[in-house]
>>> print(open('input-v9.cif').read())   # mmCIF, C-alpha atoms
data_entry
loop_
_atom_site.group_PDB
_atom_site.id
_atom_site.type_symbol
_atom_site.label_atom_id
_atom_site.label_comp_id
_atom_site.auth_asym_id
_atom_site.auth_seq_id
_atom_site.Cartn_x
_atom_site.Cartn_y
_atom_site.Cartn_z
ATOM 1 C CA MET D 510 -40.056 -15.609 95.060
ATOM 2 C CA LYS D 511 -36.606 -14.370 96.052
ATOM 3 C CA PRO D 512 -35.861 -10.621 95.852
ATOM 4 C CA SER D 513 -33.102 -11.353 93.325
ATOM 5 C CA ASP D 514 -35.634 -13.138 91.081
ATOM 6 C CA THR D 515 -37.880 -10.061 91.176
ATOM 7 C CA ALA D 516 -34.933 -7.832 90.263
ATOM 8 C CA ASN D 517 -34.029 -10.041 87.308
ATOM 9 C CA GLU D 518 -37.597 -9.935 86.041
ATOM 10 C CA THR D 519 -37.526 -6.131 86.281
ATOM 11 C CA ILE D 520 -34.250 -5.997 84.334
ATOM 12 C CA ASP D 521 -35.679 -8.259 81.621
ATOM 13 C CA ALA D 522 -38.632 -5.903 81.276
ATOM 14 C CA LEU D 523 -36.465 -2.840 80.556
ATOM 15 C CA LYS D 524 -36.781 -1.232 77.145
ATOM 16 C CA TRP D 525 -33.819 -1.872 74.848
ATOM 17 C CA ASP D 526 -32.552 1.727 74.780
ATOM 18 C CA LEU D 527 -32.716 2.073 78.572
ATOM 19 C CA ARG D 528 -30.959 -1.262 79.018
ATOM 20 C CA GLN D 529 -28.081 -0.048 76.786
ATOM 21 C CA ARG D 530 -27.712 3.174 78.769
ATOM 22 C CA LEU D 531 -27.657 1.300 82.066
ATOM 23 C CA LYS D 532 -25.081 -1.140 80.707
ATOM 24 C CA LEU D 533 -22.863 1.798 79.770
ATOM 25 C CA LEU D 534 -23.386 3.258 83.253
ATOM 26 C CA GLU D 535 -22.362 0.005 84.908
ATOM 27 C CA CYS D 536 -19.459 -0.669 82.559
ATOM 28 C CA THR D 537 -18.062 2.852 83.039
ATOM 29 C CA LEU D 538 -18.301 2.397 86.797
ATOM 30 C CA LEU D 539 -16.349 -0.870 86.632
ATOM 31 C CA LEU D 540 -13.730 0.388 84.186
ATOM 32 C CA THR D 541 -12.938 3.763 85.756
ATOM 33 C CA GLY D 542 -14.104 3.396 89.369
ATOM 34 C CA TRP D 543 -16.599 6.279 89.077
ATOM 35 C CA VAL D 544 -19.370 7.596 86.838
ATOM 36 C CA ARG D 545 -21.321 10.824 86.326
ATOM 37 C CA THR D 546 -24.586 11.514 84.516
ATOM 38 C CA GLY D 547 -22.467 13.011 81.734
ATOM 39 C CA ALA D 548 -21.490 9.495 80.641
ATOM 40 C CA LEU D 549 -25.087 9.012 79.503
ATOM 41 C CA THR D 550 -25.846 12.511 78.201
ATOM 42 C CA GLU D 551 -22.719 12.617 76.028
ATOM 43 C CA SER D 552 -22.946 9.059 74.699
ATOM 44 C CA PHE D 553 -26.676 8.917 73.974
ATOM 45 C CA GLY D 554 -27.620 12.563 73.472
ATOM 46 C CA ILE D 555 -30.224 12.525 76.227
ATOM 47 C CA SER D 556 -31.067 15.331 78.638
ATOM 48 C CA ARG D 557 -29.536 15.624 82.099
ATOM 49 C CA ALA D 558 -33.015 15.053 83.563
ATOM 50 C CA GLN D 559 -33.344 11.773 81.629
ATOM 51 C CA ALA D 560 -29.873 10.699 82.741
ATOM 52 C CA SER D 561 -30.835 11.355 86.370
ATOM 53 C CA LYS D 562 -33.940 9.201 85.883
ATOM 54 C CA ASP D 563 -31.736 6.435 84.469
ATOM 55 C CA PHE D 564 -29.543 6.562 87.568
ATOM 56 C CA ALA D 565 -32.674 6.302 89.725
ATOM 57 C CA VAL D 566 -33.817 3.255 87.751
ATOM 58 C CA TYR D 567 -30.411 1.632 88.190
ATOM 59 C CA GLN D 568 -30.442 2.249 91.939
ATOM 60 C CA SER D 569 -33.887 0.656 92.169
ATOM 61 C CA LEU D 570 -32.573 -2.429 90.346
ATOM 62 C CA ARG D 571 -29.560 -2.840 92.606
ATOM 63 C CA PRO D 572 -29.995 -0.768 95.792
ATOM 64 C CA GLY D 573 -26.714 0.047 97.500
ATOM 65 C CA ASN D 574 -24.537 -0.522 94.409
ATOM 66 C CA LEU D 575 -23.771 3.191 94.015
ATOM 67 C CA VAL D 576 -22.270 5.529 96.588
ATOM 68 C CA TYR D 577 -22.355 9.248 95.854
ATOM 69 C CA ASN D 578 -19.123 11.140 96.490
ATOM 70 C CA LYS D 579 -20.276 14.654 97.406
ATOM 71 C CA SER D 580 -16.836 16.262 97.196
ATOM 72 C CA ARG D 581 -16.093 14.908 93.701
ATOM 73 C CA LYS D 582 -19.737 14.920 92.575
ATOM 74 C CA TYR D 583 -19.784 11.444 91.082
ATOM 75 C CA TYR D 584 -20.911 7.915 91.943
ATOM 76 C CA GLU D 585 -18.509 5.208 93.083
ATOM 77 C CA PRO D 586 -19.064 1.440 93.448
ATOM 78 C CA ALA D 587 -19.989 0.256 96.926
ATOM 79 C CA ALA D 588 -17.664 -2.153 98.712
ATOM 80 C CA ASP D 589 -20.122 -5.018 98.071
ATOM 81 C CA PHE D 590 -20.867 -3.952 94.471
ATOM 82 C CA ARG D 591 -22.565 -6.628 92.329
ATOM 83 C CA PRO D 592 -23.158 -6.087 88.580
ATOM 84 C CA ALA D 593 -26.837 -5.913 87.672
ATOM 85 C CA LEU D 594 -26.762 -5.950 83.861
ATOM 86 C CA LEU D 595 -23.285 -7.262 83.110
ATOM 87 C CA SER D 596 -22.008 -10.715 83.930
ATOM 88 C CA GLY D 597 -19.084 -9.307 85.883
ATOM 89 C CA LYS D 598 -16.572 -11.203 83.746
ATOM 90 C CA THR D 599 -13.566 -9.159 82.730
ATOM 91 C CA SER D 600 -13.696 -10.625 79.206
ATOM 92 C CA GLU D 601 -17.128 -9.047 78.749
ATOM 93 C CA MET D 602 -15.968 -5.624 79.917
ATOM 94 C CA LEU D 603 -12.867 -5.743 77.748
ATOM 95 C CA GLU D 604 -15.030 -6.424 74.707
ATOM 96 C CA VAL D 605 -17.254 -3.475 75.643
ATOM 97 C CA LEU D 606 -14.162 -1.318 76.077
ATOM 98 C CA ALA D 607 -12.861 -2.308 72.638
ATOM 99 C CA ALA D 608 -16.234 -1.506 71.068
ATOM 100 C CA MET D 609 -16.321 1.896 72.794
ATOM 101 C CA ARG D 610 -12.955 2.767 71.219
ATOM 102 C CA GLY D 611 -14.064 1.735 67.723
ATOM 103 C CA VAL D 612 -15.255 4.043 64.968
ATOM 104 C CA ASP D 613 -18.997 3.835 64.350
ATOM 105 C CA SER D 614 -19.128 0.437 66.028
ATOM 106 C CA PRO D 615 -22.461 -1.269 65.344
ATOM 107 C CA VAL D 616 -24.517 -1.831 68.480
ATOM 108 C CA VAL D 617 -27.418 -3.694 66.914
ATOM 109 C CA ALA D 618 -28.038 -5.645 63.731
ATOM 110 C CA LEU D 619 -30.591 -3.746 61.654
ATOM 111 C CA ALA D 620 -31.078 -6.367 58.951
ATOM 112 C CA ALA D 621 -34.104 -8.595 59.359
ATOM 113 C CA ALA D 622 -32.237 -11.590 57.963
ATOM 114 C CA GLY D 623 -28.721 -12.457 56.956
ATOM 115 C CA PRO D 624 -26.254 -15.307 56.545
ATOM 116 C CA ASP D 625 -25.124 -17.428 59.457
ATOM 117 C CA VAL D 626 -21.804 -16.196 60.848
ATOM 118 C CA GLU D 627 -19.294 -18.097 62.947
ATOM 119 C CA VAL D 628 -16.400 -16.197 64.560
ATOM 120 C CA LEU D 629 -13.384 -18.168 65.757
ATOM 121 C CA ARG D 630 -11.959 -16.884 69.023
ATOM 122 C CA PRO D 631 -8.980 -18.050 71.061
ATOM 123 C CA MET D 632 -9.653 -19.539 74.472
ATOM 124 C CA GLU D 633 -10.409 -16.720 76.901
ATOM 125 C CA ARG D 634 -8.081 -15.987 79.781
ATOM 126 C CA GLU D 635 -10.466 -14.969 82.522
ATOM 127 C CA LEU D 636 -9.018 -12.285 84.751
ATOM 128 C CA ASP D 637 -9.450 -11.464 88.417
ATOM 129 C CA LEU D 638 -12.165 -8.800 88.465
ATOM 130 C CA ALA D 639 -10.623 -6.879 91.370
ATOM 131 C CA VAL D 640 -7.237 -6.805 89.636
ATOM 132 C CA PHE D 641 -8.763 -5.676 86.362
ATOM 133 C CA ARG D 642 -10.783 -2.914 88.013
ATOM 134 C CA ALA D 643 -7.725 -1.556 89.844
ATOM 135 C CA VAL D 644 -5.575 -1.482 86.686
ATOM 136 C CA SER D 645 -8.347 -0.069 84.514
ATOM 137 C CA ALA D 646 -9.131 2.681 87.027
ATOM 138 C CA ALA D 647 -5.424 3.617 87.225
ATOM 139 C CA ALA D 648 -5.232 3.872 83.428
ATOM 140 C CA SER D 649 -8.449 5.910 83.299
ATOM 141 C CA ASN D 650 -7.589 8.307 86.114
ATOM 142 C CA GLY D 651 -3.824 8.660 85.690
ATOM 143 C CA HIS D 652 -2.603 7.233 88.992
ATOM 144 C CA ARG D 653 -0.267 4.433 90.008
ATOM 145 C CA VAL D 654 -1.161 0.860 90.952
ATOM 146 C CA ALA D 655 0.878 -1.668 92.980
ATOM 147 C CA VAL D 656 0.829 -5.079 91.290
ATOM 148 C CA THR D 657 2.072 -8.535 92.228
ATOM 149 C CA TYR D 658 3.205 -9.880 88.857
ATOM 150 C CA GLN D 659 4.189 -13.383 87.760
ATOM 151 C CA SER D 660 6.788 -12.867 85.048
ATOM 152 C CA MET D 661 7.818 -15.775 82.816
ATOM 153 C CA ASN D 662 11.445 -14.814 83.462
ATOM 154 C CA ARG D 663 11.314 -15.392 87.245
ATOM 155 C CA PRO D 664 10.143 -18.385 89.302
ATOM 156 C CA GLU D 665 8.458 -16.205 91.927
ATOM 157 C CA PRO D 666 6.061 -13.267 91.540
ATOM 158 C CA VAL D 667 7.486 -9.782 92.005
ATOM 159 C CA ASP D 668 5.948 -6.558 93.297
ATOM 160 C CA VAL D 669 5.926 -3.707 90.782
ATOM 161 C CA VAL D 670 4.441 -0.215 90.828
ATOM 162 C CA LEU D 671 2.952 0.705 87.466
ATOM 163 C CA SER D 672 1.519 3.774 85.749
ATOM 164 C CA PRO D 673 -0.820 2.199 83.157
ATOM 165 C CA HIS D 674 -1.948 4.222 80.157
ATOM 166 C CA THR D 675 -3.513 1.806 77.618
ATOM 167 C CA LEU D 676 -5.183 -1.606 77.632
ATOM 168 C CA VAL D 677 -4.184 -3.633 74.574
ATOM 169 C CA TYR D 678 -5.608 -6.763 72.952
ATOM 170 C CA SER D 679 -2.855 -8.429 70.909
ATOM 171 C CA GLY D 680 -5.119 -10.868 69.091
ATOM 172 C CA PHE D 681 -4.471 -13.576 71.672
ATOM 173 C CA ARG D 682 -4.476 -11.906 75.086
ATOM 174 C CA TRP D 683 -4.916 -8.612 76.935
ATOM 175 C CA HIS D 684 -2.044 -6.653 78.394
ATOM 176 C CA VAL D 685 -1.520 -3.145 79.729
ATOM 177 C CA ARG D 686 1.066 -0.691 78.491
ATOM 178 C CA ALA D 687 2.541 0.954 81.574
ATOM 179 C CA PHE D 688 5.549 2.730 83.036
ATOM 180 C CA SER D 689 7.274 0.537 85.617
ATOM 181 C CA ASP D 690 8.901 2.377 88.521
ATOM 182 C CA GLY D 691 11.234 -0.554 89.194
ATOM 183 C CA HIS D 692 12.416 -0.908 85.585
ATOM 184 C CA GLY D 693 12.448 2.817 84.905
ATOM 185 C CA GLU D 694 10.793 2.371 81.509
ATOM 186 C CA TYR D 695 7.542 1.615 79.726
ATOM 187 C CA ARG D 696 6.751 -2.081 79.312
ATOM 188 C CA ASP D 697 3.908 -4.480 78.573
ATOM 189 C CA PHE D 698 2.343 -6.413 81.446
ATOM 190 C CA VAL D 699 -0.044 -9.306 80.780
ATOM 191 C CA LEU D 700 -3.254 -8.838 82.757
ATOM 192 C CA ALA D 701 -3.708 -12.579 83.366
ATOM 193 C CA ARG D 702 -0.323 -12.726 85.131
ATOM 194 C CA MET D 703 -1.276 -10.171 87.754
ATOM 195 C CA ARG D 704 -2.019 -11.894 91.049
ATOM 196 C CA THR D 705 -3.028 -8.771 93.022
ATOM 197 C CA ALA D 706 -3.435 -5.068 92.275
ATOM 198 C CA LEU D 707 -3.723 -2.285 94.847
ATOM 199 C CA PRO D 708 -4.786 1.138 93.525
ATOM 200 C CA LEU D 709 -2.709 4.109 94.647
ATOM 201 C CA PRO D 710 -5.108 6.967 93.857
ATOM 202 C CA GLU D 711 -3.041 9.540 95.755
ATOM 203 C CA GLU D 712 0.081 8.823 93.662
ATOM 204 C CA GLU D 713 0.011 10.515 90.261
ATOM 205 C CA GLY D 714 1.198 8.216 87.504
ATOM 206 C CA VAL D 715 3.867 8.789 84.857
ATOM 207 C CA PRO D 716 2.001 10.105 81.791
ATOM 208 C CA GLY D 717 1.752 7.941 78.703
ATOM 209 C CA LYS D 718 2.740 10.844 76.445
ATOM 210 C CA GLU D 719 6.388 10.108 77.286
ATOM 211 C CA ASP D 720 6.138 6.555 75.928
ATOM 212 C CA ARG D 721 8.051 6.977 72.652
ATOM 213 C CA ASP D 722 7.680 3.349 71.551
ATOM 214 C CA TRP D 723 3.926 3.732 71.898
ATOM 215 C CA HIS D 724 3.581 7.004 69.992
ATOM 216 C CA GLU D 725 6.205 6.419 67.281
ATOM 217 C CA GLU D 726 5.318 4.300 64.268
ATOM 218 C CA VAL D 727 7.374 2.046 62.054
ATOM 219 C CA VAL D 728 6.316 0.787 58.654
ATOM 220 C CA LEU D 729 6.220 -2.928 57.993
ATOM 221 C CA GLU D 730 6.879 -3.837 54.350
ATOM 222 C CA VAL D 731 4.870 -6.988 53.735
ATOM 223 C CA GLY D 732 4.962 -8.907 50.473
ATOM 224 C CA VAL D 733 3.868 -12.109 48.790
ATOM 225 C CA HIS D 734 6.323 -14.985 49.069
ATOM 226 C CA PRO D 735 8.414 -14.840 45.867
ATOM 227 C CA GLU D 736 8.580 -18.626 45.506
ATOM 228 C CA LEU D 737 4.842 -18.997 44.951
ATOM 229 C CA PRO D 738 3.687 -19.518 41.352
ATOM 230 C CA GLU D 739 2.515 -16.369 39.580
ATOM 231 C CA PRO D 740 -1.256 -17.146 39.744
ATOM 232 C CA GLN D 741 -0.994 -17.743 43.499
ATOM 233 C CA ARG D 742 1.096 -14.588 44.031
ATOM 234 C CA THR D 743 -1.594 -12.614 42.202
ATOM 235 C CA VAL D 744 -4.481 -13.931 44.291
ATOM 236 C CA ILE D 745 -2.603 -13.504 47.589
ATOM 237 C CA GLY D 746 -1.622 -9.961 46.651
ATOM 238 C CA ALA D 747 -5.229 -9.106 45.810
ATOM 239 C CA ASP D 748 -6.379 -10.696 49.068
ATOM 240 C CA PHE D 749 -4.285 -8.192 51.054
ATOM 241 C CA GLY D 750 -4.798 -5.229 48.715
ATOM 242 C CA MET D 751 -1.142 -5.229 47.680
ATOM 243 C CA VAL D 752 0.323 -3.264 44.794
ATOM 244 C CA ASP D 753 3.066 -5.031 42.849
ATOM 245 C CA GLY D 754 3.011 -7.805 45.438
ATOM 246 C CA ARG D 755 3.721 -5.637 48.490
ATOM 247 C CA ILE D 756 2.024 -3.330 50.976
ATOM 248 C CA ARG D 757 3.182 -0.817 53.607
ATOM 249 C CA TYR D 758 1.625 -1.327 57.047
ATOM 250 C CA PRO D 759 2.236 1.364 59.726
ATOM 251 C CA VAL D 760 2.361 0.014 63.293
ATOM 252 C CA ARG D 761 3.133 1.467 66.719
ATOM 253 C CA ARG D 762 6.712 0.514 67.538
ATOM 254 C CA ALA D 763 5.595 -1.117 70.795
ATOM 255 C CA MET D 764 3.124 -3.290 68.894
ATOM 256 C CA VAL D 765 5.517 -4.659 66.266
ATOM 257 C CA PRO D 766 6.210 -8.047 67.947
ATOM 258 C CA TYR D 767 2.480 -8.692 68.392
ATOM 259 C CA VAL D 768 1.644 -7.807 64.796
ATOM 260 C CA LEU D 769 4.431 -10.033 63.467
ATOM 261 C CA ARG D 770 3.158 -12.939 65.542
ATOM 262 C CA LEU D 771 -0.502 -12.320 64.712
ATOM 263 C CA MET D 772 0.179 -12.158 60.962
ATOM 264 C CA GLN D 773 2.687 -15.025 61.234
ATOM 265 C CA ILE D 774 5.461 -13.055 59.543
ATOM 266 C CA ASP D 775 8.046 -13.064 62.319
ATOM 267 C CA PRO D 776 11.327 -13.663 60.411
ATOM 268 C CA GLU D 777 12.587 -15.959 63.169
ATOM 269 C CA ARG D 778 9.516 -18.189 62.841
ATOM 270 C CA GLU D 779 9.085 -18.401 59.079
ATOM 271 C CA HIS D 780 7.836 -21.678 57.654
ATOM 272 C CA PRO D 781 10.029 -23.129 54.886
ATOM 273 C CA ASP D 782 7.040 -24.004 52.683
ATOM 274 C CA PRO D 783 5.872 -20.927 50.670
ATOM 275 C CA LYS D 784 2.357 -22.392 50.470
ATOM 276 C CA VAL D 785 2.234 -22.078 54.261
ATOM 277 C CA GLN D 786 4.321 -18.888 54.527
ATOM 278 C CA GLN D 787 2.343 -17.046 51.856
ATOM 279 C CA ILE D 788 3.420 -13.561 52.963
ATOM 280 C CA ARG D 789 6.646 -12.366 54.571
ATOM 281 C CA LEU D 790 8.231 -9.327 56.146
ATOM 282 C CA LEU D 791 10.399 -7.591 53.541
ATOM 283 C CA ASN D 792 12.244 -5.127 55.788
ATOM 284 C CA PRO D 793 13.274 -7.073 58.909
ATOM 285 C CA GLU D 794 16.531 -5.110 59.201
ATOM 286 C CA GLU D 795 14.551 -1.913 59.831
ATOM 287 C CA ILE D 796 12.498 -3.380 62.671
ATOM 288 C CA ARG D 797 14.197 -2.865 66.003
ATOM 289 C CA PRO D 798 14.067 -5.999 68.208
ATOM 290 C CA LEU D 799 11.807 -5.488 71.177
ATOM 291 C CA ARG D 800 11.785 -7.215 74.543
ATOM 292 C CA TRP D 801 9.327 -10.043 75.116
ATOM 293 C CA ASP D 802 8.239 -10.869 78.665
#
>>> encode(input="input-v9.cif", output="structure tokens")
Amino acid sequence: MKPSDTANETIDALKWDLRQRLKLLECTLLLTGWVRTGALTESFGISRAQASKDFAVYQSLRPGNLVYNKSRKYYEPAADFRPALLSGKTSEMLEVLAAMRGVDSPVVALAAAGPDVEVLRPMERELDLAVFRAVSAAASNGHRVAVTYQSMNRPEPVDVVLSPHTLVYSGFRWHVRAFSDGHGEYRDFVLARMRTALPLPEEEGVPGKEDRDWHEEVVLEVGVHPELPEPQRTVIGADFGMVDGRIRYPVRRAMVPYVLRLMQIDPEREHPDPKVQQIRLLNPEEIRPLRWD
């Protein structure tokens, strides 16, 4: 039996609660580039002694994965790091990241039985793991990252230095909100278009608190299409929780184009048939046009 087979059998034998803690340990390491025992004590309410035991278990599962930084008092991934509990796919880590940012996100189904559920997802855009880790660590730790980026506006990739502050899923793809040194402003950069990413841990990034389009909100006025028959207007309005056939939907200014596209209410892309275009944006003149890359 190969050593890797033995390790996999040991992982499969882990208790559920320990497996979840070790997954968080590994995911935090991949997302931020470092991890302390506090990640486990704060998230799971366990003692520091138990967290230290968990780290020991992890190191026995994948010896050499962790390197302890004595000066900073945390663990870093080794140069030849290989995930033990995660698949190593960026799509998996992004889903974990989204769940971590949720409110009371369920981690396990408690019901013994329930209806079958099918969730439709767009085709995944798998990302380069090294690129993702560099960008995620920069966003987590507040430093710059040098990226080779393939814009849709240029035939050749360009080198940009970014200060990322937030990873965003638009409903179709992941991008990072970041300050671009070359452009002198905050922009959105699609993760799948990044060819390379070199972390610059010694260069402090531009803080995200200065990103006005990110922190300011605008209100989208959304209403039922007026050309639908009354019974259909009523059911559509109830479907969206509208009052008098309209609803106010606050959105970060930087996210407006993505929300319009996701809800299919972009005024420039409206369908002429009201049965298809069941809802529409009622205040397009108040929505400032934003740049699309």
>>> resolve_selection(input="input-v9.cif", expression="the PyMOL selection byres ((chain D and resi 642-654) around 8)", output="PyMOL selection string")
chain D and resi 539-542+638-641+655-656+670-676+706-716
>>> residues_near_point(input="input-v9.cif", point="(-3.6, -11.0, 66.4)", cutoff="8 Å", atoms="all atoms listed in the file", output="short mmCIF file (atom, residue, chain, number, x, y, z; two decimals) with C-alpha atoms, in the coordinates of the input")
data_model
loop_
_atom_site.label_atom_id
_atom_site.label_comp_id
_atom_site.auth_asym_id
_atom_site.auth_seq_id
_atom_site.Cartn_x
_atom_site.Cartn_y
_atom_site.Cartn_z
CA SER D 679 -2.86 -8.43 70.91
CA GLY D 680 -5.12 -10.87 69.09
CA PHE D 681 -4.47 -13.58 71.67
CA TYR D 767 2.48 -8.69 68.39
CA VAL D 768 1.64 -7.81 64.80
CA ARG D 770 3.16 -12.94 65.54
CA LEU D 771 -0.50 -12.32 64.71
CA MET D 772 0.18 -12.16 60.96
#
>>> residues_around(input="input-v9.cif", residues="D:Ser561", least_positions_apart="3", cutoff="10 Å", atoms="all atoms listed in the file", output="list of chain:residue names")
D:Arg545, D:Thr546, D:Gly547, D:Leu549, D:Thr550, D:Ser556, D:Arg557, D:Ala558, D:Phe564, D:Ala565, D:Val566, D:Tyr567
>>> closest_residue(input="input-v9.cif", among="D:Ile796, D:Glu736, D:Phe590, D:Lys718", to="D:Lys784", atoms="all atoms listed in the file")
D:Glu736
>>> resolve_selection(input="input-v9.cif", expression="the PyMOL selection byres ((chain D and resi 740-751) around 12)", output="PyMOL selection string")
chain D and resi 730-739+752-758+772+783-789
>>> closest_residue(input="input-v9.cif", among="D:Glu794, D:Glu601, D:Glu585, D:Asp690", to="D:Lys532", atoms="all atoms listed in the file")
D:Glu601
>>> residues_near_point(input="input-v9.cif", point="(-20.3, -9.1, 82.3)", cutoff="12 Å", atoms="all atoms listed in the file", output="PDB file with C-alpha atoms, in the frame of the given file")
ATOM      1  CA  LYS D 532     -25.081  -1.140  80.707  1.00  0.00           C
ATOM      2  CA  LEU D 533     -22.863   1.798  79.770  1.00  0.00           C
ATOM      3  CA  GLU D 535     -22.362   0.005  84.908  1.00  0.00           C
ATOM      4  CA  CYS D 536     -19.459  -0.669  82.559  1.00  0.00           C
ATOM      5  CA  LEU D 539     -16.349  -0.870  86.632  1.00  0.00           C
ATOM      6  CA  LEU D 540     -13.730   0.388  84.186  1.00  0.00           C
ATOM      7  CA  ARG D 591     -22.565  -6.628  92.329  1.00  0.00           C
ATOM      8  CA  PRO D 592     -23.158  -6.087  88.580  1.00  0.00           C
ATOM      9  CA  ALA D 593     -26.837  -5.913  87.672  1.00  0.00           C
ATOM     10  CA  LEU D 594     -26.762  -5.950  83.861  1.00  0.00           C
ATOM     11  CA  LEU D 595     -23.285  -7.262  83.110  1.00  0.00           C
ATOM     12  CA  SER D 596     -22.008 -10.715  83.930  1.00  0.00           C
ATOM     13  CA  GLY D 597     -19.084  -9.307  85.883  1.00  0.00           C
ATOM     14  CA  LYS D 598     -16.572 -11.203  83.746  1.00  0.00           C
ATOM     15  CA  THR D 599     -13.566  -9.159  82.730  1.00  0.00           C
ATOM     16  CA  SER D 600     -13.696 -10.625  79.206  1.00  0.00           C
ATOM     17  CA  GLU D 601     -17.128  -9.047  78.749  1.00  0.00           C
ATOM     18  CA  MET D 602     -15.968  -5.624  79.917  1.00  0.00           C
ATOM     19  CA  LEU D 603     -12.867  -5.743  77.748  1.00  0.00           C
ATOM     20  CA  GLU D 604     -15.030  -6.424  74.707  1.00  0.00           C
ATOM     21  CA  VAL D 605     -17.254  -3.475  75.643  1.00  0.00           C
ATOM     22  CA  LEU D 606     -14.162  -1.318  76.077  1.00  0.00           C
ATOM     23  CA  GLU D 635     -10.466 -14.969  82.522  1.00  0.00           C
ATOM     24  CA  LEU D 636      -9.018 -12.285  84.751  1.00  0.00           C
ATOM     25  CA  LEU D 638     -12.165  -8.800  88.465  1.00  0.00           C
TER      26      LEU D 638
END
>>> closest_residue(input="input-v9.cif", among="D:Ala560, D:Leu629, D:Val728, D:Met764", to="D:Tyr678", atoms="only C-alpha atoms")
D:Met764
>>> atom_distance(input="input-v9.cif", atom1="atom CA of D:Leu700", atom2="atom CA of D:Trp683")
6.1 Å
>>> resolve_selection(input="input-v9.cif", expression="the PyMOL selection byres ((chain D and resi 584) around 10)", output="MDAnalysis selection string")
chainID D and resid 538 542:546 564 574:579 581:583 585:587
>>> closest_residue(input="input-v9.cif", among="D:Ala763, D:Leu531, D:Asp697, D:Met661", to="D:Lys562", atoms="only C-alpha atoms")
D:Leu531
>>> closest_residue(input="input-v9.cif", among="D:His692, D:Thr705, D:Leu527, D:Pro666", to="D:Phe553", atoms="only C-alpha atoms")
D:Leu527
